[in-house]
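Peer 1: Below you'll find coords-v3.cif; it's mmCIF, N, CA and C atoms.
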```
data_query
loop_
_atom_site.label_atom_id
_atom_site.label_comp_id
_atom_site.auth_asym_id
_atom_site.auth_seq_id
_atom_site.Cartn_x
_atom_site.Cartn_y
_atom_site.Cartn_z
N MET A 21 -15.30 32.29 2.40
CA MET A 21 -14.70 31.01 2.10
C MET A 21 -13.23 31.25 1.74
N LYS A 22 -12.36 30.46 2.34
CA LYS A 22 -10.93 30.58 2.08
C LYS A 22 -10.58 29.79 0.82
N LEU A 23 -9.74 30.38 0.00
CA LEU A 23 -9.30 29.75 -1.23
C LEU A 23 -8.33 28.62 -0.91
N GLN A 24 -8.64 27.41 -1.36
CA GLN A 24 -7.79 26.26 -1.09
C GLN A 24 -6.52 26.33 -1.95
N PRO A 25 -5.43 25.75 -1.46
CA PRO A 25 -4.16 25.80 -2.20
C PRO A 25 -4.26 25.22 -3.61
N ALA A 26 -5.02 24.16 -3.79
CA ALA A 26 -5.15 23.56 -5.13
C ALA A 26 -5.81 24.52 -6.11
N VAL A 27 -6.81 25.25 -5.64
CA VAL A 27 -7.50 26.22 -6.50
C VAL A 27 -6.55 27.36 -6.85
N LYS A 28 -5.78 27.81 -5.86
CA LYS A 28 -4.79 28.87 -6.11
C LYS A 28 -3.77 28.41 -7.15
N LYS A 29 -3.26 27.20 -6.96
CA LYS A 29 -2.21 26.67 -7.82
C LYS A 29 -2.71 26.52 -9.26
N GLU A 30 -3.88 25.93 -9.44
CA GLU A 30 -4.40 25.72 -10.79
C GLU A 30 -4.79 27.04 -11.45
N THR A 31 -5.31 27.98 -10.67
CA THR A 31 -5.64 29.29 -11.22
C THR A 31 -4.37 30.01 -11.65
N ALA A 32 -3.30 29.87 -10.89
CA ALA A 32 -2.02 30.47 -11.27
C ALA A 32 -1.51 29.85 -12.57
N HIS A 33 -1.64 28.52 -12.72
CA HIS A 33 -1.25 27.87 -13.97
C HIS A 33 -2.03 28.45 -15.14
N ILE A 34 -3.33 28.57 -14.96
CA ILE A 34 -4.20 29.08 -16.02
C ILE A 34 -3.86 30.54 -16.32
N ALA A 35 -3.64 31.34 -15.28
CA ALA A 35 -3.32 32.76 -15.49
C ALA A 35 -2.02 32.89 -16.28
N LEU A 36 -1.04 32.08 -15.97
CA LEU A 36 0.22 32.12 -16.71
C LEU A 36 0.01 31.71 -18.17
N GLY A 37 -0.74 30.64 -18.37
CA GLY A 37 -1.03 30.18 -19.73
C GLY A 37 -1.81 31.21 -20.53
N VAL A 38 -2.77 31.86 -19.90
CA VAL A 38 -3.55 32.89 -20.58
C VAL A 38 -2.66 34.08 -20.91
N ALA A 39 -1.78 34.46 -19.98
CA ALA A 39 -0.87 35.59 -20.23
C ALA A 39 0.04 35.29 -21.43
N VAL A 40 0.56 34.07 -21.49
CA VAL A 40 1.42 33.68 -22.62
C VAL A 40 0.59 33.69 -23.91
N GLY A 41 -0.63 33.17 -23.85
CA GLY A 41 -1.50 33.16 -25.02
C GLY A 41 -1.84 34.55 -25.50
N VAL A 42 -2.14 35.45 -24.58
CA VAL A 42 -2.45 36.83 -24.95
C VAL A 42 -1.22 37.50 -25.56
N ALA A 43 -0.06 37.28 -24.97
CA ALA A 43 1.17 37.86 -25.51
C ALA A 43 1.42 37.36 -26.94
N ALA A 44 1.24 36.07 -27.15
CA ALA A 44 1.43 35.50 -28.50
C ALA A 44 0.40 36.08 -29.47
N MET A 45 -0.83 36.21 -29.02
CA MET A 45 -1.89 36.77 -29.87
C MET A 45 -1.55 38.22 -30.24
N LEU A 46 -1.09 39.00 -29.27
CA LEU A 46 -0.73 40.39 -29.54
C LEU A 46 0.44 40.46 -30.53
N ALA A 47 1.38 39.54 -30.40
CA ALA A 47 2.51 39.50 -31.33
C ALA A 47 2.03 39.19 -32.76
N VAL A 48 1.09 38.28 -32.87
CA VAL A 48 0.55 37.95 -34.20
C VAL A 48 -0.16 39.16 -34.79
N PHE A 49 -0.97 39.84 -33.98
CA PHE A 49 -1.62 41.06 -34.47
C PHE A 49 -0.58 42.09 -34.93
N ALA A 50 0.51 42.22 -34.18
CA ALA A 50 1.56 43.17 -34.54
C ALA A 50 2.24 42.76 -35.85
N LEU A 51 2.53 41.47 -35.99
CA LEU A 51 3.16 40.98 -37.23
C LEU A 51 2.26 41.19 -38.45
N LEU A 52 0.96 41.11 -38.23
CA LEU A 52 0.01 41.32 -39.32
C LEU A 52 -0.27 42.81 -39.58
N GLY A 53 0.33 43.66 -38.75
CA GLY A 53 0.13 45.10 -38.91
C GLY A 53 -1.23 45.57 -38.44
N ARG A 54 -1.88 44.81 -37.58
CA ARG A 54 -3.23 45.13 -37.10
C ARG A 54 -3.26 45.54 -35.63
N PHE A 55 -2.09 45.68 -35.03
CA PHE A 55 -2.04 45.99 -33.60
C PHE A 55 -2.37 47.46 -33.34
N ASP A 56 -3.28 47.68 -32.39
CA ASP A 56 -3.57 49.02 -31.89
C ASP A 56 -4.10 48.88 -30.47
N TYR A 57 -4.51 49.98 -29.88
CA TYR A 57 -4.95 49.94 -28.48
C TYR A 57 -6.19 49.07 -28.29
N THR A 58 -7.06 48.96 -29.31
CA THR A 58 -8.27 48.13 -29.17
C THR A 58 -7.91 46.66 -29.04
N VAL A 59 -6.85 46.25 -29.74
CA VAL A 59 -6.38 44.86 -29.66
C VAL A 59 -5.80 44.60 -28.27
N ALA A 60 -4.95 45.51 -27.80
CA ALA A 60 -4.33 45.34 -26.49
C ALA A 60 -5.39 45.31 -25.39
N LEU A 61 -6.31 46.25 -25.43
CA LEU A 61 -7.35 46.32 -24.41
C LEU A 61 -8.26 45.09 -24.46
N GLY A 62 -8.65 44.70 -25.65
CA GLY A 62 -9.48 43.50 -25.80
C GLY A 62 -8.77 42.26 -25.30
N GLY A 63 -7.48 42.11 -25.62
CA GLY A 63 -6.72 40.94 -25.18
C GLY A 63 -6.56 40.87 -23.68
N VAL A 64 -6.21 42.00 -23.08
CA VAL A 64 -6.00 42.03 -21.62
C VAL A 64 -7.33 41.78 -20.88
N LEU A 65 -8.37 42.46 -21.30
CA LEU A 65 -9.67 42.27 -20.62
C LEU A 65 -10.24 40.88 -20.89
N GLY A 66 -10.09 40.39 -22.11
CA GLY A 66 -10.55 39.03 -22.42
C GLY A 66 -9.80 37.99 -21.60
N GLY A 67 -8.50 38.20 -21.43
CA GLY A 67 -7.71 37.30 -20.59
C GLY A 67 -8.17 37.33 -19.15
N ALA A 68 -8.49 38.52 -18.65
CA ALA A 68 -8.98 38.65 -17.27
C ALA A 68 -10.31 37.92 -17.11
N VAL A 69 -11.20 38.04 -18.09
CA VAL A 69 -12.49 37.34 -18.02
C VAL A 69 -12.26 35.82 -18.03
N ALA A 70 -11.33 35.35 -18.84
CA ALA A 70 -11.04 33.91 -18.92
C ALA A 70 -10.52 33.38 -17.58
N VAL A 71 -9.59 34.11 -16.97
CA VAL A 71 -9.03 33.67 -15.69
C VAL A 71 -10.10 33.75 -14.59
N LEU A 72 -10.90 34.79 -14.60
CA LEU A 72 -11.99 34.92 -13.62
C LEU A 72 -12.97 33.76 -13.76
N ASN A 73 -13.29 33.39 -14.98
CA ASN A 73 -14.20 32.26 -15.21
C ASN A 73 -13.62 30.98 -14.61
N PHE A 74 -12.32 30.75 -14.82
CA PHE A 74 -11.69 29.56 -14.26
C PHE A 74 -11.67 29.60 -12.73
N LEU A 75 -11.37 30.76 -12.17
CA LEU A 75 -11.36 30.90 -10.71
C LEU A 75 -12.74 30.62 -10.13
N LEU A 76 -13.78 31.16 -10.76
CA LEU A 76 -15.14 30.92 -10.27
C LEU A 76 -15.50 29.44 -10.36
N LEU A 77 -15.03 28.76 -11.41
CA LEU A 77 -15.23 27.31 -11.51
C LEU A 77 -14.55 26.61 -10.34
N GLY A 78 -13.31 26.99 -10.06
CA GLY A 78 -12.58 26.39 -8.94
C GLY A 78 -13.26 26.62 -7.61
N LEU A 79 -13.77 27.83 -7.40
CA LEU A 79 -14.48 28.13 -6.15
C LEU A 79 -15.75 27.29 -6.03
N THR A 80 -16.43 27.10 -7.14
CA THR A 80 -17.65 26.28 -7.12
C THR A 80 -17.32 24.84 -6.78
N VAL A 81 -16.31 24.30 -7.40
CA VAL A 81 -15.90 22.92 -7.12
C VAL A 81 -15.48 22.79 -5.66
N GLN A 82 -14.75 23.78 -5.17
CA GLN A 82 -14.32 23.79 -3.77
C GLN A 82 -15.53 23.77 -2.84
N LYS A 83 -16.53 24.56 -3.17
CA LYS A 83 -17.73 24.62 -2.33
C LYS A 83 -18.51 23.32 -2.39
N ILE A 84 -18.59 22.73 -3.58
CA ILE A 84 -19.35 21.49 -3.74
C ILE A 84 -18.71 20.33 -2.99
N THR A 85 -17.38 20.32 -2.89
CA THR A 85 -16.72 19.23 -2.18
C THR A 85 -17.08 19.22 -0.70
N CYS A 86 -17.50 20.37 -0.17
CA CYS A 86 -17.93 20.44 1.23
C CYS A 86 -19.40 20.13 1.39
N GLU A 87 -20.12 20.04 0.27
CA GLU A 87 -21.57 19.82 0.30
C GLU A 87 -21.87 18.34 0.57
N THR A 88 -22.76 18.09 1.51
CA THR A 88 -23.14 16.71 1.83
C THR A 88 -24.33 16.24 1.02
N ASN A 89 -25.16 17.15 0.57
CA ASN A 89 -26.34 16.81 -0.22
C ASN A 89 -25.95 16.79 -1.70
N GLU A 90 -25.96 15.59 -2.30
CA GLU A 90 -25.52 15.45 -3.69
C GLU A 90 -26.40 16.24 -4.66
N GLU A 91 -27.69 16.22 -4.45
CA GLU A 91 -28.61 16.95 -5.33
C GLU A 91 -28.37 18.46 -5.25
N ARG A 92 -28.16 18.95 -4.05
CA ARG A 92 -27.86 20.38 -3.89
C ARG A 92 -26.54 20.74 -4.57
N GLY A 93 -25.56 19.87 -4.47
CA GLY A 93 -24.27 20.08 -5.13
C GLY A 93 -24.42 20.12 -6.64
N ARG A 94 -25.24 19.22 -7.18
CA ARG A 94 -25.49 19.17 -8.62
C ARG A 94 -26.17 20.46 -9.09
N LYS A 95 -27.14 20.93 -8.33
CA LYS A 95 -27.84 22.17 -8.69
C LYS A 95 -26.91 23.38 -8.60
N LEU A 96 -26.06 23.39 -7.59
CA LEU A 96 -25.09 24.48 -7.45
C LEU A 96 -24.14 24.52 -8.64
N MET A 97 -23.69 23.35 -9.08
CA MET A 97 -22.78 23.28 -10.23
C MET A 97 -23.49 23.74 -11.50
N GLN A 98 -24.74 23.32 -11.69
CA GLN A 98 -25.50 23.75 -12.87
C GLN A 98 -25.73 25.26 -12.86
N PHE A 99 -26.05 25.81 -11.69
CA PHE A 99 -26.27 27.24 -11.58
C PHE A 99 -24.98 28.00 -11.87
N SER A 100 -23.88 27.52 -11.31
CA SER A 100 -22.58 28.15 -11.54
C SER A 100 -22.23 28.15 -13.02
N TYR A 101 -22.44 27.02 -13.66
CA TYR A 101 -22.15 26.91 -15.09
C TYR A 101 -22.99 27.92 -15.88
N SER A 102 -24.26 27.98 -15.58
CA SER A 102 -25.15 28.91 -16.28
C SER A 102 -24.71 30.36 -16.08
N MET A 103 -24.36 30.72 -14.86
CA MET A 103 -23.95 32.09 -14.58
C MET A 103 -22.62 32.43 -15.25
N ARG A 104 -21.68 31.48 -15.24
CA ARG A 104 -20.40 31.73 -15.88
C ARG A 104 -20.54 31.87 -17.39
N MET A 105 -21.41 31.05 -17.99
CA MET A 105 -21.64 31.17 -19.43
C MET A 105 -22.35 32.48 -19.76
N LEU A 106 -23.24 32.92 -18.88
CA LEU A 106 -23.91 34.20 -19.07
C LEU A 106 -22.90 35.35 -19.04
N VAL A 107 -21.98 35.31 -18.09
CA VAL A 107 -20.95 36.35 -17.99
C VAL A 107 -20.10 36.36 -19.26
N MET A 108 -19.74 35.18 -19.76
CA MET A 108 -18.92 35.13 -20.97
C MET A 108 -19.71 35.62 -22.18
N ALA A 109 -20.99 35.28 -22.26
CA ALA A 109 -21.82 35.77 -23.36
C ALA A 109 -21.95 37.29 -23.30
N LEU A 110 -22.15 37.83 -22.10
CA LEU A 110 -22.23 39.29 -21.94
C LEU A 110 -20.91 39.94 -22.34
N TRP A 111 -19.80 39.30 -21.98
CA TRP A 111 -18.49 39.82 -22.37
C TRP A 111 -18.37 39.87 -23.89
N LEU A 112 -18.79 38.81 -24.56
CA LEU A 112 -18.70 38.78 -26.01
C LEU A 112 -19.60 39.85 -26.66
N ILE A 113 -20.78 40.04 -26.10
CA ILE A 113 -21.68 41.08 -26.61
C ILE A 113 -21.03 42.46 -26.44
N LEU A 114 -20.45 42.69 -25.26
CA LEU A 114 -19.75 43.96 -25.03
C LEU A 114 -18.58 44.13 -25.99
N ALA A 115 -17.82 43.06 -26.18
CA ALA A 115 -16.64 43.12 -27.04
C ALA A 115 -17.02 43.46 -28.48
N VAL A 116 -18.12 42.95 -28.94
CA VAL A 116 -18.57 43.23 -30.30
C VAL A 116 -19.15 44.63 -30.42
N SER A 117 -19.83 45.09 -29.37
CA SER A 117 -20.54 46.37 -29.46
C SER A 117 -19.70 47.59 -29.07
N MET A 118 -18.62 47.40 -28.34
CA MET A 118 -17.81 48.54 -27.91
C MET A 118 -16.73 48.87 -28.94
N PRO A 119 -16.68 50.12 -29.40
CA PRO A 119 -15.71 50.47 -30.43
C PRO A 119 -14.26 50.50 -29.94
N PHE A 120 -14.06 50.55 -28.62
CA PHE A 120 -12.70 50.59 -28.10
C PHE A 120 -12.14 49.19 -27.81
N LEU A 121 -12.86 48.14 -28.24
CA LEU A 121 -12.40 46.76 -28.09
C LEU A 121 -12.39 46.08 -29.45
N HIS A 122 -11.31 45.38 -29.74
CA HIS A 122 -11.27 44.55 -30.94
C HIS A 122 -11.91 43.22 -30.56
N TRP A 123 -13.01 42.88 -31.20
CA TRP A 123 -13.80 41.74 -30.74
C TRP A 123 -13.05 40.41 -30.86
N VAL A 124 -12.22 40.25 -31.86
CA VAL A 124 -11.46 39.00 -32.00
C VAL A 124 -10.45 38.88 -30.87
N ALA A 125 -9.76 39.99 -30.59
CA ALA A 125 -8.76 39.99 -29.52
C ALA A 125 -9.41 39.80 -28.15
N ALA A 126 -10.66 40.20 -28.01
CA ALA A 126 -11.37 40.03 -26.75
C ALA A 126 -11.94 38.62 -26.60
N ALA A 127 -12.26 37.98 -27.73
CA ALA A 127 -12.88 36.66 -27.68
C ALA A 127 -11.85 35.52 -27.60
N LEU A 128 -10.74 35.63 -28.32
CA LEU A 128 -9.76 34.55 -28.35
C LEU A 128 -9.23 34.13 -26.97
N PRO A 129 -8.97 35.06 -26.05
CA PRO A 129 -8.46 34.62 -24.74
C PRO A 129 -9.41 33.70 -23.97
N LEU A 130 -10.68 33.69 -24.33
CA LEU A 130 -11.62 32.78 -23.66
C LEU A 130 -11.28 31.32 -23.97
N LEU A 131 -10.53 31.10 -25.04
CA LEU A 131 -10.13 29.74 -25.42
C LEU A 131 -8.80 29.33 -24.77
N PHE A 132 -8.05 30.28 -24.25
CA PHE A 132 -6.71 30.00 -23.75
C PHE A 132 -6.66 29.11 -22.50
N PRO A 133 -7.64 29.15 -21.58
CA PRO A 133 -7.56 28.20 -20.46
C PRO A 133 -7.59 26.74 -20.92
N ARG A 134 -8.47 26.44 -21.88
CA ARG A 134 -8.53 25.06 -22.37
C ARG A 134 -7.24 24.69 -23.09
N LEU A 135 -6.70 25.63 -23.85
CA LEU A 135 -5.44 25.40 -24.55
C LEU A 135 -4.30 25.18 -23.54
N THR A 136 -4.31 25.94 -22.47
CA THR A 136 -3.30 25.79 -21.42
C THR A 136 -3.38 24.40 -20.78
N ILE A 137 -4.59 23.95 -20.50
CA ILE A 137 -4.78 22.62 -19.91
C ILE A 137 -4.28 21.55 -20.88
N ALA A 138 -4.60 21.69 -22.16
CA ALA A 138 -4.14 20.71 -23.16
C ALA A 138 -2.62 20.67 -23.23
N VAL A 139 -1.98 21.83 -23.22
CA VAL A 139 -0.51 21.88 -23.26
C VAL A 139 0.08 21.24 -22.01
N MET A 140 -0.53 21.51 -20.86
CA MET A 140 -0.03 20.92 -19.61
C MET A 140 -0.18 19.40 -19.62
N GLN A 141 -1.27 18.91 -20.22
CA GLN A 141 -1.44 17.46 -20.32
C GLN A 141 -0.42 16.85 -21.27
N LEU A 142 -0.20 17.53 -22.41
CA LEU A 142 0.76 17.02 -23.40
C LEU A 142 2.19 17.04 -22.89
N THR A 143 2.53 18.03 -22.10
CA THR A 143 3.90 18.12 -21.58
C THR A 143 4.10 17.28 -20.33
N GLY A 144 3.03 16.70 -19.82
CA GLY A 144 3.15 15.81 -18.66
C GLY A 144 3.08 16.50 -17.32
N VAL A 145 2.76 17.77 -17.27
CA VAL A 145 2.69 18.48 -15.99
C VAL A 145 1.63 17.84 -15.10
N TYR A 146 0.45 17.56 -15.63
CA TYR A 146 -0.60 16.95 -14.82
C TYR A 146 -0.27 15.51 -14.49
N LYS A 147 0.34 14.78 -15.41
CA LYS A 147 0.69 13.40 -15.16
C LYS A 147 1.69 13.29 -14.02
N LYS A 148 2.70 14.17 -14.01
CA LYS A 148 3.71 14.15 -12.96
C LYS A 148 3.06 14.42 -11.61
N GLU A 149 2.16 15.40 -11.55
CA GLU A 149 1.49 15.72 -10.29
C GLU A 149 0.63 14.55 -9.83
N GLN A 150 -0.07 13.89 -10.76
CA GLN A 150 -0.90 12.75 -10.41
C GLN A 150 -0.04 11.59 -9.92
N ASP A 151 1.09 11.36 -10.57
CA ASP A 151 2.00 10.29 -10.14
C ASP A 151 2.49 10.54 -8.71
N ASN A 152 2.85 11.79 -8.41
CA ASN A 152 3.31 12.13 -7.07
C ASN A 152 2.20 11.93 -6.05
N GLU A 153 0.98 12.31 -6.40
CA GLU A 153 -0.14 12.12 -5.48
C GLU A 153 -0.39 10.64 -5.24
N GLU A 154 -0.31 9.82 -6.32
CA GLU A 154 -0.54 8.39 -6.18
C GLU A 154 0.54 7.77 -5.29
N LYS A 155 1.79 8.18 -5.46
CA LYS A 155 2.87 7.66 -4.62
C LYS A 155 2.62 8.04 -3.16
N GLY A 156 2.19 9.27 -2.95
CA GLY A 156 1.89 9.73 -1.60
C GLY A 156 0.75 8.94 -0.98
N GLU A 157 -0.28 8.64 -1.79
CA GLU A 157 -1.40 7.87 -1.30
C GLU A 157 -0.98 6.45 -0.98
N GLN A 158 -0.10 5.87 -1.83
CA GLN A 158 0.35 4.50 -1.58
C GLN A 158 1.15 4.45 -0.28
N VAL A 159 1.97 5.44 -0.03
CA VAL A 159 2.75 5.47 1.20
C VAL A 159 1.81 5.58 2.39
N ASP A 160 0.80 6.44 2.28
CA ASP A 160 -0.15 6.60 3.37
C ASP A 160 -0.93 5.31 3.63
N HIS A 161 -1.27 4.58 2.56
CA HIS A 161 -2.02 3.34 2.73
C HIS A 161 -1.17 2.23 3.34
N GLU A 162 0.15 2.29 3.11
CA GLU A 162 1.03 1.27 3.64
C GLU A 162 1.22 1.42 5.13
N ARG A 163 1.01 2.60 5.67
CA ARG A 163 1.19 2.83 7.10
C ARG A 163 0.10 2.22 7.85
#
```
Could I get this file's structure written as structure tokens?
Peer 2:
Amino acid sequence: MKLQPAVKKETAHIALGVAVGVAAMLAVFALLGRFDYTVALGGVLGGAVAVLNFLLLGLTVQKITCETNEERGRKLMQFSYSMRMLVMALWLILAVSMPFLHWVAAALPLLFPRLTIAVMQLTGVYKKEQDNEEKGEQVDHER
């Protein structure tokens, strides 16, 4: 399956937001005098898990939009959600149990995609894109 431009674009937004969040988190750990390799490794790997989770969500939505059977699409979305939550739970278990990972630094990045979306909504990034799409749709409907 080819990755659609919208999925690429939104995943890039999330990856950037997660990277900024991880950098800020690492800076806070450093300011508190708690920074070490376990924090850095936990933050980077936690950020990767967060972005991967978002990408898998995007791929699922992309696949469901091509699905003609609504019930099958609903089941696919439920299965995807369950599997993604399982992966995140396994990540958290690993983060807590592995001595080379700081569990807080590994867990916090899982919250950064939602925080990124909230910031984008507050700054109007999504509103501007929606306005442009609506204008484009109105022009298309007028033809």
Peer 1: What's around A:Val124 at 7 Å? Count all atoms listed in the file, leave out sequence neighbours fewer than 2 positions away in its own chain, and write the answer as a list of chain:residue names.
Peer 2: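 Listing them by chain and then by number gives A:Gly62, A:Gly63, A:Ala115, A:Leu121, A:His122, A:Ala126, A:Ala127, A:Leu128, A:Pro129.
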Peer 1: So that I can check the surroundings of A:Trp111, please list as a list of chain:residue names every protein, DNA and RNA residue that reaches within 10 Å of it, counting only C-alpha atoms and ignoring chain neighbours fewer than 6 positions away.
Peer 2: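 In the requested format, the answer is A:Leu65, A:Gly66, A:Val69, A:Met105, A:Ser117, A:Trp123, A:Ala126, A:Ala127, A:Leu130.
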Peer 1: Could you jot down the atom N of A:Val38 to atom N of A:Leu96 separation for me, Å, one decimal place?
Peer 2: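 Distance between the two atoms: 27.7 Å.
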Peer 1: Work out how far atom N of A:Ala39 is from atom CA of A:Gly67, in Å to one decimal.
Peer 2: 6.6 Å
Peer 1: When distances are computed from all atoms listed in the file, which of A:Ala43, A:Val145, A:Val116, A:Ala35 shows the smallest separation from A:Val71?
Peer 2: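 Looking at the shortest contact to A:Val71, the residue is A:Ala35.
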Peer 1: So which one's closest to A:Thr58, A:Pro119, A:Met97, A:Thr31, A:Leu106? Using only N, CA and C atoms, please.
Peer 2: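 Closest residue, counting only N, CA and C atoms: A:Pro119.
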Peer 1: Residues of chain A classed as alpha helix (DSSP H) by DSSP on the backbone are to be reported as a ChimeraX atom specification.
Peer 2: /A:25-51,57-85,90-117,123-127,132-143,145-162
Peer 1: Residues at most 8 Å from A:Ile84, counting all atoms listed in the file, excluding those fewer than 5 positions away in the same chain, as a list in words?
Peer 2: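 So, after excluding close chain neighbours, the residues are Gly78, Leu79, Arg92, Gly93, Arg94, Leu96 and Met97 of chain A.
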Peer 1: Can you spit out the residues from that selection as a short mmCIF file (atom, residue, chain, number, x, y, z; two decimals), in the frame of the given file, using N, CA and C atoms?
Peer 2:
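Okay, this is what ended up in part35.cif:
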```cif
data_model
loop_
_atom_site.label_atom_id
_atom_site.label_comp_id
_atom_site.auth_asym_id
_atom_site.auth_seq_id
_atom_site.Cartn_x
_atom_site.Cartn_y
_atom_site.Cartn_z
N GLY A 78 -13.31 26.99 -10.06
CA GLY A 78 -12.58 26.39 -8.94
C GLY A 78 -13.26 26.62 -7.61
N LEU A 79 -13.77 27.83 -7.40
CA LEU A 79 -14.48 28.13 -6.15
C LEU A 79 -15.75 27.29 -6.03
N ARG A 92 -28.16 18.95 -4.05
CA ARG A 92 -27.86 20.38 -3.89
C ARG A 92 -26.54 20.74 -4.57
N GLY A 93 -25.56 19.87 -4.47
CA GLY A 93 -24.27 20.08 -5.13
C GLY A 93 -24.42 20.12 -6.64
N ARG A 94 -25.24 19.22 -7.18
CA ARG A 94 -25.49 19.17 -8.62
C ARG A 94 -26.17 20.46 -9.09
N LEU A 96 -26.06 23.39 -7.59
CA LEU A 96 -25.09 24.48 -7.45
C LEU A 96 -24.14 24.52 -8.64
N MET A 97 -23.69 23.35 -9.08
CA MET A 97 -22.78 23.28 -10.23
C MET A 97 -23.49 23.74 -11.50
#
```
Peer 1: Pick from A:Leu75, A:Leu61, A:Ala26, A:Met21: nearest to A:Ala125, with all atoms listed in the file counted?
Peer 2: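 Between A:Leu75, A:Leu61, A:Ala26, A:Met21, the residue approaching A:Ala125 most closely is A:Leu61.
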Peer 1: As an exercise, work out the distance from atom C of A:Leu142 to atom CA of A:Gly37 in Å and give it to one decimal place.
Peer 2: 13.9 Å
Peer 1: Using only C-alpha atoms, can you tell me which of A:Cys86, A:Ala70, A:Ile113, A:Leu77 comes closest to A:Ser100?
Peer 2: A:Leu77
Peer 1: Between A:Phe120, A:Ile34, A:Thr85, A:Lys29, single out the one closest to A:Phe132, counting only N, CA and C atoms.
Peer 2: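 The answer is A:Ile34, which sits nearest to A:Phe132.
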Peer 1: What would stretch 21-26 of chain A look like with all heavy atoms restored, written as a PDB file, keeping the file's coordinate frame?
Peer 2:
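Ended up saving to selection-v7.pdb:
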```pdb
ATOM      1  N   MET A  21     -15.300  32.290   2.400  1.00  0.00           N
ATOM      2  CA  MET A  21     -14.700  31.010   2.100  1.00  0.00           C
ATOM      3  C   MET A  21     -13.230  31.250   1.740  1.00  0.00           C
ATOM      4  O   MET A  21     -12.899  32.114   0.939  1.00  0.00           O
ATOM      5  CB  MET A  21     -15.437  30.352   0.932  1.00  0.00           C
ATOM      6  CG  MET A  21     -14.781  29.102   0.487  1.00  0.00           C
ATOM      7  SD  MET A  21     -15.378  28.320  -1.043  1.00  0.00           S
ATOM      8  CE  MET A  21     -17.067  28.706  -1.144  1.00  0.00           C
ATOM      9  N   LYS A  22     -12.360  30.460   2.340  1.00  0.00           N
ATOM     10  CA  LYS A  22     -10.930  30.580   2.080  1.00  0.00           C
ATOM     11  C   LYS A  22     -10.580  29.790   0.820  1.00  0.00           C
ATOM     12  O   LYS A  22     -11.034  28.675   0.617  1.00  0.00           O
ATOM     13  CB  LYS A  22     -10.156  30.032   3.278  1.00  0.00           C
ATOM     14  CG  LYS A  22      -8.682  30.249   3.155  1.00  0.00           C
ATOM     15  CD  LYS A  22      -7.941  29.780   4.395  1.00  0.00           C
ATOM     16  CE  LYS A  22      -6.456  29.992   4.174  1.00  0.00           C
ATOM     17  NZ  LYS A  22      -5.670  29.471   5.267  1.00  0.00           N
ATOM     18  N   LEU A  23      -9.740  30.380   0.000  1.00  0.00           N
ATOM     19  CA  LEU A  23      -9.300  29.750  -1.230  1.00  0.00           C
ATOM     20  C   LEU A  23      -8.330  28.620  -0.910  1.00  0.00           C
ATOM     21  O   LEU A  23      -7.315  28.834  -0.244  1.00  0.00           O
ATOM     22  CB  LEU A  23      -8.630  30.801  -2.108  1.00  0.00           C
ATOM     23  CG  LEU A  23      -8.473  30.506  -3.584  1.00  0.00           C
ATOM     24  CD1 LEU A  23      -9.827  30.280  -4.234  1.00  0.00           C
ATOM     25  CD2 LEU A  23      -7.778  31.657  -4.260  1.00  0.00           C
ATOM     26  N   GLN A  24      -8.640  27.410  -1.360  1.00  0.00           N
ATOM     27  CA  GLN A  24      -7.790  26.260  -1.090  1.00  0.00           C
ATOM     28  C   GLN A  24      -6.520  26.330  -1.950  1.00  0.00           C
ATOM     29  O   GLN A  24      -6.536  26.860  -3.061  1.00  0.00           O
ATOM     30  CB  GLN A  24      -8.546  24.963  -1.366  1.00  0.00           C
ATOM     31  CG  GLN A  24      -9.663  24.720  -0.386  1.00  0.00           C
ATOM     32  CD  GLN A  24     -10.396  23.420  -0.658  1.00  0.00           C
ATOM     33  OE1 GLN A  24     -10.155  22.721  -1.630  1.00  0.00           O
ATOM     34  NE2 GLN A  24     -11.323  23.092   0.233  1.00  0.00           N
ATOM     35  N   PRO A  25      -5.430  25.750  -1.460  1.00  0.00           N
ATOM     36  CA  PRO A  25      -4.160  25.800  -2.200  1.00  0.00           C
ATOM     37  C   PRO A  25      -4.260  25.220  -3.610  1.00  0.00           C
ATOM     38  O   PRO A  25      -3.637  25.747  -4.540  1.00  0.00           O
ATOM     39  CB  PRO A  25      -3.204  24.972  -1.335  1.00  0.00           C
ATOM     40  CG  PRO A  25      -3.771  25.054   0.041  1.00  0.00           C
ATOM     41  CD  PRO A  25      -5.259  25.140  -0.137  1.00  0.00           C
ATOM     42  N   ALA A  26      -5.020  24.160  -3.790  1.00  0.00           N
ATOM     43  CA  ALA A  26      -5.150  23.560  -5.130  1.00  0.00           C
ATOM     44  C   ALA A  26      -5.810  24.520  -6.110  1.00  0.00           C
ATOM     45  O   ALA A  26      -5.399  24.614  -7.275  1.00  0.00           O
ATOM     46  CB  ALA A  26      -5.939  22.255  -5.047  1.00  0.00           C
TER      47      ALA A  26
END
```
